[in-house]
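Structure file final.txt (compact mmCIF, C-alpha atoms and all ligand atoms) is printed below.
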```txt
# COMPACT_ATOMS: atom_id res chain seq x y z
CA MET N 848 -1.32 89.09 43.38
CA SER N 849 -4.08 91.03 41.61
CA SER N 850 -7.64 90.53 42.84
CA TRP N 851 -8.36 89.31 39.28
CA ASP N 852 -5.76 86.58 39.42
CA THR N 853 -6.32 84.61 42.62
CA ASP N 854 -6.27 80.79 42.61
CA GLU N 855 -10.09 80.72 42.91
CA ARG N 856 -10.54 83.14 40.03
CA ARG N 857 -8.09 81.25 37.84
CA ALA N 858 -10.18 78.12 38.45
CA LEU N 859 -13.40 80.02 37.70
CA ARG N 860 -11.85 81.39 34.51
CA ALA N 861 -10.81 77.89 33.44
CA SER N 862 -14.29 76.58 34.08
CA ALA N 863 -15.88 79.42 32.04
CA ARG N 864 -13.43 78.68 29.20
CA ARG N 865 -14.18 74.95 29.24
CA PHE N 866 -17.92 75.65 29.20
CA THR N 867 -17.56 78.14 26.33
CA GLU N 868 -15.45 75.83 24.20
CA ALA N 869 -17.74 72.83 24.76
CA GLU N 870 -21.23 74.33 24.99
CA ILE N 871 -21.17 77.77 23.34
CA ALA N 872 -18.60 78.25 20.56
CA PRO N 873 -19.69 75.23 18.46
CA HIS N 874 -23.34 76.43 18.43
CA LEU N 875 -23.10 80.21 18.42
CA ALA N 876 -23.43 80.63 14.64
CA ALA N 877 -26.64 78.56 14.69
CA TRP N 878 -28.07 80.61 17.58
CA GLU N 879 -27.22 83.82 15.74
CA GLU N 880 -29.14 82.46 12.76
CA ALA N 881 -32.08 81.40 14.98
CA GLY N 882 -32.12 84.77 16.76
CA THR N 883 -32.34 83.20 20.20
CA LEU N 884 -30.62 81.00 22.79
CA PRO N 885 -32.01 77.61 23.83
CA ARG N 886 -33.35 77.37 27.37
CA GLU N 887 -31.25 74.26 27.80
CA LEU N 888 -28.15 76.46 27.75
CA HIS N 889 -29.37 78.23 30.91
CA ARG N 890 -29.74 74.88 32.68
CA LYS N 891 -26.31 73.74 31.53
CA ALA N 892 -24.71 77.03 32.65
CA ALA N 893 -26.39 76.62 36.05
CA ALA N 894 -25.18 73.01 36.33
CA ALA N 895 -21.65 74.19 35.46
CA GLY N 896 -21.83 76.61 38.38
CA LEU N 897 -21.67 79.75 36.20
CA LEU N 898 -25.20 81.18 36.18
CA GLY N 899 -25.45 82.07 39.87
CA VAL N 900 -21.95 83.47 40.31
CA GLY N 901 -22.09 86.76 42.24
CA PHE N 902 -25.51 86.03 43.78
CA PRO N 903 -25.81 84.99 47.45
CA GLU N 904 -26.41 81.36 48.31
CA GLU N 905 -29.56 82.37 50.27
CA ALA N 906 -31.05 83.48 46.94
CA GLY N 907 -30.01 80.32 45.08
CA GLY N 908 -26.70 81.68 43.79
CA GLN N 909 -23.14 80.39 43.99
CA GLY N 910 -21.89 83.28 46.12
CA GLY N 911 -18.83 85.31 45.19
CA SER N 912 -18.54 88.99 44.29
CA ALA N 913 -19.11 91.17 41.26
CA ILE N 914 -15.52 90.51 40.20
CA ASP N 915 -16.33 86.80 39.90
CA THR N 916 -19.31 87.59 37.66
CA LEU N 917 -17.10 89.82 35.50
CA VAL N 918 -14.35 87.19 35.26
CA VAL N 919 -16.95 84.78 33.84
CA ALA N 920 -18.20 87.33 31.25
CA GLU N 921 -14.64 88.27 30.28
CA GLU N 922 -13.56 84.68 29.79
CA ILE N 923 -16.67 83.62 27.85
CA ILE N 924 -15.99 86.37 25.29
CA GLN N 925 -12.24 85.70 25.13
CA ALA N 926 -12.83 81.96 24.65
CA GLY N 927 -15.08 82.35 21.59
CA GLY N 928 -18.44 83.55 22.97
CA SER N 929 -19.70 87.08 22.40
CA SER N 930 -21.15 90.10 24.15
CA GLY N 931 -24.57 89.21 22.68
CA LEU N 932 -24.37 85.75 24.20
CA VAL N 933 -23.38 87.20 27.57
CA ALA N 934 -26.20 89.77 27.40
CA SER N 935 -28.81 87.09 26.81
CA LEU N 936 -27.57 84.21 28.95
CA PHE N 937 -26.92 86.58 31.86
CA THR N 938 -29.89 88.95 31.50
CA HIS N 939 -30.62 88.13 35.14
CA GLY N 940 -27.43 90.08 35.91
CA ILE N 941 -29.53 93.20 35.32
CA GLY N 942 -32.99 91.71 36.01
CA LEU N 943 -32.43 90.20 39.46
CA PRO N 944 -30.18 92.38 41.65
CA HIS N 945 -32.88 94.87 42.74
CA LEU N 946 -35.12 91.99 43.81
CA VAL N 947 -32.37 90.10 45.63
CA GLU N 948 -31.19 93.29 47.34
CA ALA N 949 -34.75 94.16 48.45
CA GLY N 950 -34.74 90.78 50.22
CA ASN N 951 -38.45 89.89 49.95
CA LYS N 952 -38.23 86.14 50.63
CA ALA N 953 -41.40 85.24 48.74
CA LEU N 954 -40.16 87.00 45.59
CA VAL N 955 -36.67 85.54 45.96
CA ASP N 956 -38.17 82.02 46.14
CA LYS N 957 -40.56 82.64 43.28
CA VAL N 958 -38.13 84.37 40.90
CA ALA N 959 -34.45 84.32 41.90
CA ARG N 960 -34.14 80.62 42.73
CA PRO N 961 -35.62 79.25 39.49
CA VAL N 962 -33.79 81.86 37.40
CA LEU N 963 -30.42 81.03 38.97
CA ALA N 964 -31.18 77.33 38.50
CA GLY N 965 -31.59 78.00 34.77
CA GLU N 966 -35.28 77.06 34.83
CA LYS N 967 -36.77 80.54 34.32
CA ILE N 968 -35.72 83.79 32.66
CA VAL N 969 -36.09 87.37 33.95
CA SER N 970 -35.72 90.62 31.98
CA LEU N 971 -35.26 94.21 33.15
CA ALA N 972 -37.76 96.62 31.56
CA ILE N 973 -36.91 100.29 32.03
CA THR N 974 -36.64 101.84 28.54
CA GLU N 975 -39.82 103.14 26.88
CA PRO N 976 -40.54 104.44 23.38
CA ASP N 977 -40.30 108.02 24.74
CA ALA N 978 -37.90 107.53 27.65
CA GLY N 979 -34.46 105.94 27.20
CA SER N 980 -31.57 108.06 28.44
CA ASP N 981 -34.09 110.09 30.41
CA VAL N 982 -35.16 107.36 32.85
CA ALA N 983 -36.92 109.91 35.06
CA GLY N 984 -39.28 110.67 32.17
CA LEU N 985 -40.87 107.21 32.06
CA THR N 986 -44.66 107.11 31.88
CA THR N 987 -45.72 103.47 32.35
CA ARG N 988 -48.19 103.91 35.17
CA ALA N 989 -49.07 101.64 38.11
CA VAL N 990 -52.18 102.81 39.94
CA ARG N 991 -52.95 101.40 43.37
CA ASP N 992 -56.27 99.53 43.32
CA GLY N 993 -57.39 97.42 46.31
CA ASP N 994 -54.72 94.86 47.17
CA GLY N 995 -52.58 95.54 44.12
CA TYR N 996 -51.68 97.79 41.20
CA VAL N 997 -53.07 98.20 37.70
CA VAL N 998 -50.31 98.75 35.13
CA ASP N 999 -50.63 100.45 31.73
CA GLY N 1000 -47.81 101.41 29.37
CA ALA N 1001 -45.09 100.11 27.08
CA LYS N 1002 -41.40 99.14 27.23
CA LEU N 1003 -38.99 98.99 24.30
CA TYR N 1004 -35.75 97.12 23.40
CA ILE N 1005 -36.07 94.63 26.27
CA THR N 1006 -33.34 91.97 26.24
CA SER N 1007 -34.53 88.33 26.43
CA ALA N 1008 -38.15 89.52 26.52
CA THR N 1009 -39.44 87.00 23.98
CA ARG N 1010 -38.33 84.19 26.31
CA ALA N 1011 -38.69 85.80 29.74
CA ASP N 1012 -41.08 84.42 32.37
CA PHE N 1013 -40.64 87.47 34.64
CA PHE N 1014 -40.08 91.18 34.10
CA THR N 1015 -38.63 93.64 36.61
CA VAL N 1016 -40.51 96.72 35.42
CA ALA N 1017 -39.94 100.40 36.22
CA VAL N 1018 -43.32 102.08 36.68
CA ARG N 1019 -44.63 105.44 37.78
CA THR N 1020 -46.50 105.12 41.08
CA GLY N 1021 -46.15 108.74 42.15
CA GLY N 1022 -45.73 112.21 40.67
CA ASP N 1023 -43.41 113.36 37.88
CA GLY N 1024 -39.63 112.98 38.07
CA VAL N 1025 -37.29 110.73 40.01
CA GLY N 1026 -39.37 110.51 43.17
CA GLY N 1027 -42.40 108.83 41.59
CA ILE N 1028 -40.83 105.64 40.22
CA SER N 1029 -41.15 102.10 41.62
CA LEU N 1030 -40.11 98.61 40.54
CA LEU N 1031 -42.75 95.91 40.09
CA LEU N 1032 -42.40 92.25 39.24
CA LEU N 1033 -44.69 91.30 36.35
CA GLU N 1034 -45.21 87.82 34.95
CA ARG N 1035 -45.48 86.92 31.32
CA ASP N 1036 -48.81 85.12 31.74
CA MET N 1037 -50.57 87.96 33.60
CA PRO N 1038 -53.63 89.06 31.58
CA GLY N 1039 -52.85 92.28 29.70
CA VAL N 1040 -49.11 91.59 29.14
CA THR N 1041 -48.21 91.41 25.44
CA VAL N 1042 -44.74 90.61 24.11
CA SER N 1043 -43.95 91.68 20.52
CA ALA N 1044 -42.26 89.57 17.87
CA PRO N 1045 -38.44 89.68 18.13
CA LEU N 1046 -37.05 93.05 16.95
CA LYS N 1047 -34.62 92.85 14.02
CA LYS N 1048 -31.20 94.18 15.02
CA MET N 1049 -27.74 95.03 13.62
CA GLY N 1050 -25.93 92.73 16.06
CA TRP N 1051 -26.42 90.70 19.24
CA LEU N 1052 -28.43 88.42 16.93
CA CYS N 1053 -28.49 85.47 19.35
CA SER N 1054 -29.96 87.78 22.00
CA ASP N 1055 -33.68 88.25 21.49
CA THR N 1056 -35.07 91.77 22.04
CA ALA N 1057 -38.75 92.79 22.17
CA GLU N 1058 -41.31 95.43 23.00
CA LEU N 1059 -43.73 94.92 25.89
CA THR N 1060 -47.19 96.42 26.25
CA PHE N 1061 -49.22 96.44 29.44
CA ALA N 1062 -52.99 97.00 29.25
CA GLY N 1063 -54.77 97.00 32.62
CA VAL N 1064 -52.38 94.40 34.09
CA ARG N 1065 -53.36 93.55 37.68
CA VAL N 1066 -50.26 93.03 39.82
CA PRO N 1067 -50.40 91.96 43.49
CA ALA N 1068 -49.00 94.51 45.97
CA GLU N 1069 -46.51 91.85 47.18
CA HIS N 1070 -44.81 92.17 43.78
CA LEU N 1071 -43.48 95.60 44.71
CA ILE N 1072 -39.65 95.39 44.70
CA GLY N 1073 -38.24 97.56 47.48
CA GLU N 1074 -40.01 100.71 48.67
CA GLU N 1075 -42.74 102.46 46.72
CA ASN N 1076 -41.41 105.56 44.88
CA ALA N 1077 -37.78 104.60 45.64
CA GLY N 1078 -37.30 102.73 42.35
CA PHE N 1079 -35.20 105.38 40.62
CA TYR N 1080 -32.53 105.17 43.32
CA ALA N 1081 -32.57 101.36 43.16
CA ILE N 1082 -32.10 101.56 39.37
CA MET N 1083 -29.25 104.07 39.69
CA GLY N 1084 -27.66 101.92 42.42
CA GLN N 1085 -27.43 98.99 40.00
CA PHE N 1086 -26.26 101.01 37.00
CA ALA N 1087 -22.61 100.84 38.15
CA ALA N 1088 -22.68 97.04 37.87
CA GLU N 1089 -24.29 97.14 34.42
CA ARG N 1090 -21.94 99.83 33.08
CA LEU N 1091 -18.84 98.08 34.41
CA SER N 1092 -20.06 94.82 32.91
CA LEU N 1093 -20.42 96.53 29.52
CA ALA N 1094 -16.90 97.98 29.94
CA VAL N 1095 -15.56 94.48 30.64
CA GLN N 1096 -17.44 93.12 27.61
CA ALA N 1097 -15.86 95.89 25.52
CA TYR N 1098 -12.23 95.22 26.49
CA ALA N 1099 -12.78 91.43 26.36
CA THR N 1100 -14.18 91.78 22.82
CA ALA N 1101 -11.15 93.91 21.92
CA GLN N 1102 -8.79 91.26 23.36
CA ARG N 1103 -10.52 88.50 21.41
CA CYS N 1104 -10.34 90.49 18.17
CA LEU N 1105 -6.68 91.28 18.82
CA ASP N 1106 -5.93 87.56 19.34
CA LEU N 1107 -7.80 86.60 16.17
CA THR N 1108 -6.02 89.34 14.21
CA LEU N 1109 -2.55 88.34 15.43
CA ALA N 1110 -3.17 84.79 14.23
CA TRP N 1111 -4.52 86.08 10.91
CA VAL N 1112 -1.65 88.49 10.10
CA ARG N 1113 0.93 85.79 10.85
CA ASP N 1114 -0.84 83.43 8.47
CA ARG N 1115 -2.06 85.65 5.63
CA ARG N 1116 0.50 86.28 2.86
CA THR N 1117 0.38 89.11 0.32
CA PHE N 1118 3.02 89.98 -2.26
CA GLY N 1119 4.99 86.91 -1.16
CA ARG N 1120 5.25 87.75 2.58
CA PRO N 1121 3.10 87.40 5.69
CA LEU N 1122 1.13 90.52 6.57
CA ALA N 1123 2.87 90.47 9.96
CA SER N 1124 6.19 91.27 8.27
CA ARG N 1125 4.99 94.77 7.25
CA GLN N 1126 5.79 97.54 9.68
CA VAL N 1127 2.48 99.29 9.09
CA VAL N 1128 0.69 96.09 10.20
CA GLN N 1129 3.00 95.62 13.18
CA HIS N 1130 2.30 99.16 14.36
CA ARG N 1131 -1.44 98.70 13.86
CA VAL N 1132 -1.60 95.58 16.06
CA ALA N 1133 0.66 97.24 18.64
CA GLU N 1134 -1.82 100.13 18.87
CA MET N 1135 -4.73 97.66 19.14
CA ALA N 1136 -2.89 95.96 22.03
CA ARG N 1137 -2.13 99.30 23.74
CA GLN N 1138 -5.72 100.47 23.68
CA THR N 1139 -7.00 97.08 24.87
CA ASP N 1140 -4.55 96.95 27.76
CA VAL N 1141 -5.26 100.53 28.87
CA ALA N 1142 -9.02 99.79 28.82
CA ARG N 1143 -8.58 96.58 30.83
CA THR N 1144 -6.19 98.06 33.36
CA TYR N 1145 -8.31 101.16 33.98
CA THR N 1146 -11.63 99.30 34.08
CA ARG N 1147 -10.31 96.70 36.53
CA ALA N 1148 -8.85 99.44 38.76
CA VAL N 1149 -12.24 101.19 38.86
CA ILE N 1150 -13.95 97.87 39.65
CA ASP N 1151 -11.49 97.23 42.50
CA ASP N 1152 -12.24 100.72 43.93
CA TRP N 1153 -15.99 100.16 43.50
CA GLN N 1154 -15.74 96.86 45.36
CA ALA N 1155 -13.76 98.61 48.10
CA GLY N 1156 -16.72 100.93 48.62
CA LYS N 1157 -15.20 104.09 47.11
CA ASN N 1158 -17.35 106.66 45.32
CA VAL N 1159 -16.61 105.91 41.66
CA LEU N 1160 -19.65 107.39 39.91
CA SER N 1161 -17.50 109.46 37.55
CA GLN N 1162 -14.85 106.74 37.08
CA VAL N 1163 -17.50 104.15 36.11
CA ALA N 1164 -18.67 106.47 33.33
CA MET N 1165 -15.06 107.10 32.25
CA ALA N 1166 -14.28 103.37 32.27
CA LYS N 1167 -17.28 102.58 30.09
CA ASN N 1168 -16.34 105.24 27.55
CA THR N 1169 -12.64 104.27 27.62
CA ALA N 1170 -13.37 100.58 27.04
CA VAL N 1171 -16.00 101.26 24.36
CA ALA N 1172 -13.63 103.58 22.46
CA ALA N 1173 -10.85 100.96 22.62
CA CYS N 1174 -13.26 98.27 21.44
CA ASP N 1175 -14.53 100.44 18.55
CA PHE N 1176 -10.94 101.03 17.41
CA VAL N 1177 -9.92 97.38 17.72
CA VAL N 1178 -12.96 95.79 16.02
CA ASP N 1179 -12.70 98.25 13.14
CA ASN N 1180 -9.01 97.51 12.61
CA ALA N 1181 -9.56 93.76 13.06
CA VAL N 1182 -12.05 93.80 10.18
CA GLN N 1183 -9.71 95.98 8.09
CA LEU N 1184 -6.70 93.69 8.58
CA HIS N 1185 -8.83 90.67 7.64
CA GLY N 1186 -9.59 92.35 4.28
CA GLY N 1187 -12.55 90.87 2.37
CA MET N 1188 -12.65 87.98 4.82
CA GLY N 1189 -13.35 90.51 7.58
CA TYR N 1190 -16.61 91.40 5.86
CA MET N 1191 -17.84 87.79 5.69
CA ARG N 1192 -20.44 86.40 8.08
CA GLU N 1193 -18.31 83.29 8.59
CA THR N 1194 -15.54 85.40 10.17
CA GLU N 1195 -15.69 85.94 13.91
CA VAL N 1196 -14.38 89.52 13.86
CA GLU N 1197 -17.29 90.48 11.57
CA ARG N 1198 -19.73 89.45 14.32
CA HIS N 1199 -17.80 91.34 17.02
CA TYR N 1200 -17.79 94.44 14.79
CA ARG N 1201 -21.61 94.41 14.63
CA ASP N 1202 -22.13 93.23 18.22
CA SER N 1203 -19.95 95.87 19.81
CA ARG N 1204 -21.85 98.81 18.28
CA ILE N 1205 -24.44 98.54 21.08
CA LEU N 1206 -21.87 98.86 23.88
CA GLY N 1207 -21.77 102.66 23.57
CA ILE N 1208 -25.59 102.85 23.50
CA GLY N 1209 -26.90 100.34 26.08
CA GLY N 1210 -26.74 100.93 29.83
CA GLY N 1211 -26.26 104.67 29.26
CA THR N 1212 -24.89 106.11 26.01
CA ASN N 1213 -21.40 107.56 25.48
CA GLU N 1214 -22.93 111.03 25.65
CA ILE N 1215 -24.75 110.34 28.92
CA MET N 1216 -21.50 108.95 30.43
CA THR N 1217 -19.71 112.16 29.42
CA GLU N 1218 -22.57 114.21 30.88
CA ILE N 1219 -22.13 112.45 34.26
CA VAL N 1220 -18.38 113.15 34.28
CA ALA N 1221 -18.89 116.81 33.32
CA LYS N 1222 -21.63 117.39 35.92
CA LEU N 1223 -19.48 115.96 38.72
CA LEU N 1224 -16.42 117.95 37.59
CA LEU N 1225 -18.34 121.21 37.59
CA ALA N 1226 -20.56 120.56 40.62
C1 LIG N 1301 -29.99 95.66 21.80
C2 LIG N 1301 -30.53 96.50 22.90
C3 LIG N 1301 -30.81 95.93 24.13
C4 LIG N 1301 -31.37 96.70 25.16
N1 LIG N 1301 -31.74 96.08 26.32
C5 LIG N 1301 -32.45 96.79 27.25
C6 LIG N 1301 -33.03 96.13 28.38
O1 LIG N 1301 -32.86 94.92 28.58
N2 LIG N 1301 -33.76 96.86 29.26
C7 LIG N 1301 -33.95 98.20 29.08
O2 LIG N 1301 -34.63 98.81 29.90
N3 LIG N 1301 -33.42 98.87 28.01
C8 LIG N 1301 -32.69 98.18 27.09
N4 LIG N 1301 -32.15 98.83 25.99
C9 LIG N 1301 -32.36 100.26 25.85
C10 LIG N 1301 -31.10 101.12 25.99
O3 LIG N 1301 -30.70 101.16 27.34
C11 LIG N 1301 -31.44 102.51 25.42
O4 LIG N 1301 -31.56 102.34 24.01
C12 LIG N 1301 -30.40 103.53 25.75
O5 LIG N 1301 -30.42 103.85 27.14
C13 LIG N 1301 -30.60 104.85 24.97
O6 LIG N 1301 -31.91 105.29 25.07
P1 LIG N 1301 -32.73 105.69 23.73
O7 LIG N 1301 -32.61 104.54 22.78
O8 LIG N 1301 -34.09 106.11 24.11
O9 LIG N 1301 -31.93 106.90 23.12
P2 LIG N 1301 -32.18 108.45 23.41
O10 LIG N 1301 -32.23 108.68 24.88
O11 LIG N 1301 -33.33 108.92 22.60
O12 LIG N 1301 -30.85 109.09 22.84
C14 LIG N 1301 -30.63 109.31 21.44
C15 LIG N 1301 -29.28 110.00 21.26
O13 LIG N 1301 -29.31 111.27 21.91
C16 LIG N 1301 -28.26 111.36 22.85
N5 LIG N 1301 -28.73 112.12 24.02
C17 LIG N 1301 -29.82 111.87 24.79
N6 LIG N 1301 -29.94 112.80 25.76
C18 LIG N 1301 -28.88 113.64 25.59
C19 LIG N 1301 -28.41 114.79 26.29
N7 LIG N 1301 -29.04 115.25 27.38
N8 LIG N 1301 -27.29 115.43 25.85
C20 LIG N 1301 -26.63 114.96 24.77
N9 LIG N 1301 -27.01 113.86 24.07
C21 LIG N 1301 -28.11 113.20 24.48
C22 LIG N 1301 -27.94 109.92 23.23
O14 LIG N 1301 -26.62 109.82 23.73
C23 LIG N 1301 -28.12 109.23 21.89
O15 LIG N 1301 -26.96 109.40 21.12
C24 LIG N 1301 -31.58 98.08 24.97
C25 LIG N 1301 -31.24 98.67 23.74
C26 LIG N 1301 -30.75 97.90 22.71
C27 LIG N 1301 -30.48 98.55 21.39
```

Once you've parsed the file, please lay out its structure as structure tokens.
Amino acid sequence: MSSWDTDERRALRASARRFTEAEIAPHLAAWEEAGTLPRELHRKAAAAGLLGVGFPEEAGGQGGSAIDTLVVAEEIIQAGGSSGLVASLFTHGIGLPHLVEAGNKALVDKVARPVLAGEKIVSLAITEPDAGSDVAGLTTRAVRDGDGYVVDGAKLYITSATRADFFTVAVRTGGDGVGGISLLLLERDMPGVTVSAPLKKMGWLCSDTAELTFAGVRVPAEHLIGEENAGFYAIMGQFAAERLSLAVQAYATAQRCLDLTLAWVRDRRTFGRPLASRQVVQHRVAEMARQTDVARTYTRAVIDDWQAGKNVLSQVAMAKNTAVAACDFVVDNAVQLHGGMGYMRETEVERHYRDSRILGIGGGTNEIMTEIVAKLLLA
């Protein structure tokens, strides 16, 4: 039996599907229009036992492994949710792990417990206006002053930032380069923290995104996450989880668009026959299925190796690019086979087409993934 198909994971999958069909799918169009998710959804997801999956019980989570978290994301998308919904409802999947791993009990009680209970929201703030792919070039500075730090700088494109209560922020505490970066926990109501209006985006419309500015923000020294100047390595350590999650979101989006397209081509008639009766259409959906299955099979195999403790730095990058390429192909063809209806906002594949464009940009771009693979090949 595959590690993705145990009795427990089948039950978890069923519970994520039930939750999506009852609490997400009927409201998603309205949340896309509103540009945000209701806080109540976080509480409901916590009550349904989904929000804390993959986080230890000592930190307020439900326990389980990264595969459990990914099963939930996969099923939410395949049951009628979206990658944008997953990105926003589970922003703590990128915002919390460094803090939980560092194991500072006071911070875990203050941040992780209420976030995993659906009461509070945490964002991860790494990207800056002049430092995205080049994380080591970030310039937001935290200067030690008495019993704390004073933070000045700006962060850009931060998911869930207009709603977040807490921010896990990458700051420069030391010299230039990778060795001078730390992680600090900032709070929304600290004097000097400003959150911009929601940024207007192509997709992920239900997921709010904002810019943060920090002007002389005083942060207690106890808000340091992990060791001072070891933040870059903590960030890199968590990138595998984020990249594999984006790969899962990509193949799950492809699977959902394939399912929607199969139903459509059986139903839609042109020139007196269903679209599905044309060989060119049959071959197109077969190719969509092939690319989706290859992406899923490869990504899951890499995740299994990662969970087994193998060094999969290069394979994670290859999985992300493989799944994103499959998703790009499938969403494009799903829209094409839906014809004019594929271009309409009321059509689900139209949303996936826009939403999925970010998957090859966020969490490390396609080009940066290729760079990692090339460097390791030629090292
Ligand atoms: C909707 C959305 C949500 C996001 N959420 C978050 C979040 O929650 N937290 C967060 O910290 N960040 C977030 N980001 C930021 C995201 O991670 C960055 O946009 C991404 O890492 C790329 O950085 P950049 O935008 O600065 O692009 P750049 O680094 O400026 O890259 C521009 C282009 O140049 C290419 N490029 C860069 N360097 C090289 C090179 N050496 N060789 C070849 N090509 C290169 C890139 O691949 C890309 O095509 C989000 C972004 C978006 C759009």

Protein and nucleic acid residues within 10 Å of ligand LIG 1301 (chain N) (all atoms listed in the file) as a ChimeraX atom specification: /N:931,934-935,938-939,941-942,969-982,1002-1008,1014-1017,1046-1052,1054-1058,1202,1204-1218

Point-to-point distance in Å for CA of Tyr1145 (chain N) and CA of Leu1091 (chain N):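 Atom-to-atom, CA of Leu1091 (chain N) to CA of Tyr1145 (chain N), that is 11.0 Å.
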
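Rounded to one decimal, CA of Ala1173 (chain N) and CA of Leu1225 (chain N) lie 26.3 Å from each other.
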
Interatomic distance (Å, one decimal) between CA of Ile924 (chain N) and CA of Ser1203 (chain N): 11.7 Å

Spatial neighbours of Ile1150 (chain N), max dist 9 Å, all atoms listed in the file, sep filter under 2 positions, as a PyMOL selection string: chain N and resi 913-914+1088+1091+1145-1148+1152-1155+1159+1163

Which of N:Val1220, N:Ile871, N:Val1042, N:Val997 sits closest to Ala1062 (chain N) [using only C-alpha atoms]: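 Comparing N:Val1220, N:Ile871, N:Val1042, N:Val997 against Ala1062 (chain N), the winner is N:Val997.
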
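Selecting by distance to (-51.6, 110.6, 44.7) with a limit of 10 Å and using all atoms listed in the file, one obtains Val990, Arg991, Thr1020, Gly1021, Gly1022 and Gly1027 of chain N.
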
Output of the above residues as a JSON list (two decimals), keeping the file's coordinate frame, restricted to C-alpha atoms:
```json
[["chain", "number", "residue", "atom", "x", "y", "z"],
["N", 990, "VAL", "CA", -52.18, 102.81, 39.94],
["N", 991, "ARG", "CA", -52.95, 101.40, 43.37],
["N", 1020, "THR", "CA", -46.50, 105.12, 41.08],
["N", 1021, "GLY", "CA", -46.15, 108.74, 42.15],
["N", 1022, "GLY", "CA", -45.73, 112.21, 40.67],
["N", 1027, "GLY", "CA", -42.40, 108.83, 41.59]]
```

Using all atoms listed in the file: which of N:Leu1105, N:Ile923, N:Ala953, N:Ala1164 has the shortest distance to Val1149 (chain N): N:Ala1164

Selected residue of minimal separation from Arg1113 (chain N) among N:Arg1125, N:Arg1201, N:Lys1222, N:Lys1167, counting only C-alpha atoms: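 Once distances to Arg1113 (chain N) are computed over only C-alpha atoms, the minimum belongs to N:Arg1125.
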
Within 7 Å of Val1066 (chain N) using all atoms listed in the file, minus same-chain residues under 5 positions, as a PyMOL selection string: chain N and resi 995-997+1033

Nearest candidate to Leu1093 (chain N) (options N:Asn1168, N:Ser912, N:Asn1180, N:Asn1158; using all atoms listed in the file): N:Asn1168

Residue among N:Ala1221, N:Glu880, N:Ala892, N:Trp1111 lying closest to His1185 (chain N), counting only C-alpha atoms: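 Of N:Ala1221, N:Glu880, N:Ala892, N:Trp1111, the one nearest His1185 (chain N), counting only C-alpha atoms, is N:Trp1111.
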
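Of the residues under consideration (N:Leu1107, N:Leu917, N:Val1177, N:Phe902), N:Leu917 shows the shortest atom-to-atom contact distance to Arg1090 (chain N) when counting all atoms listed in the file.
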
Distance query Val1018 (chain N) at most 6 Å, all atoms listed in the file, self and fewer than 6 positions along chain excluded, as a list in words: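 What passes the distance filter is Thr987, Arg988, Ala989, Ile1028 and Ser1029 of chain N.
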
Residues within 12 Å of Asp915 (chain N), all atoms listed in the file, excluding chain neighbours under 5 positions, as a PDB file with C-alpha atoms, in the frame of the given file:
```
ATOM      1  CA  SER N 850      -7.640  90.530  42.840  1.00  0.00           C
ATOM      2  CA  TRP N 851      -8.360  89.310  39.280  1.00  0.00           C
ATOM      3  CA  ASP N 852      -5.760  86.580  39.420  1.00  0.00           C
ATOM      4  CA  THR N 853      -6.320  84.610  42.620  1.00  0.00           C
ATOM      5  CA  GLU N 855     -10.090  80.720  42.910  1.00  0.00           C
ATOM      6  CA  ARG N 856     -10.540  83.140  40.030  1.00  0.00           C
ATOM      7  CA  ARG N 857      -8.090  81.250  37.840  1.00  0.00           C
ATOM      8  CA  ALA N 858     -10.180  78.120  38.450  1.00  0.00           C
ATOM      9  CA  LEU N 859     -13.400  80.020  37.700  1.00  0.00           C
ATOM     10  CA  ARG N 860     -11.850  81.390  34.510  1.00  0.00           C
ATOM     11  CA  SER N 862     -14.290  76.580  34.080  1.00  0.00           C
ATOM     12  CA  ALA N 863     -15.880  79.420  32.040  1.00  0.00           C
ATOM     13  CA  GLY N 896     -21.830  76.610  38.380  1.00  0.00           C
ATOM     14  CA  LEU N 897     -21.670  79.750  36.200  1.00  0.00           C
ATOM     15  CA  LEU N 898     -25.200  81.180  36.180  1.00  0.00           C
ATOM     16  CA  GLY N 899     -25.450  82.070  39.870  1.00  0.00           C
ATOM     17  CA  VAL N 900     -21.950  83.470  40.310  1.00  0.00           C
ATOM     18  CA  GLY N 901     -22.090  86.760  42.240  1.00  0.00           C
ATOM     19  CA  PHE N 902     -25.510  86.030  43.780  1.00  0.00           C
ATOM     20  CA  GLN N 909     -23.140  80.390  43.990  1.00  0.00           C
ATOM     21  CA  GLY N 910     -21.890  83.280  46.120  1.00  0.00           C
ATOM     22  CA  ALA N 920     -18.200  87.330  31.250  1.00  0.00           C
ATOM     23  CA  GLU N 921     -14.640  88.270  30.280  1.00  0.00           C
ATOM     24  CA  GLU N 922     -13.560  84.680  29.790  1.00  0.00           C
ATOM     25  CA  SER N1092     -20.060  94.820  32.910  1.00  0.00           C
ATOM     26  CA  ILE N1150     -13.950  97.870  39.650  1.00  0.00           C
ATOM     27  CA  ASP N1151     -11.490  97.230  42.500  1.00  0.00           C
ATOM     28  CA  GLN N1154     -15.740  96.860  45.360  1.00  0.00           C
TER      29      GLN N1154
END
```

Protein, DNA and RNA residues within 10 Å of (-1.3, 97.0, 14.3), only C-alpha atoms, as number ranges by chain: N: 1105, 1108-1109, 1112, 1123, 1125-1137, 1177, 1180-1181, 1184

Surrounding residues of Ala949 (chain N) excluding itself and chain neighbours under 4 positions, 7 Å, only C-alpha atoms, as a list in words: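 Near neighbours after the sequence-gap exclusion: His945, Ile1072 and Gly1073 of chain N.
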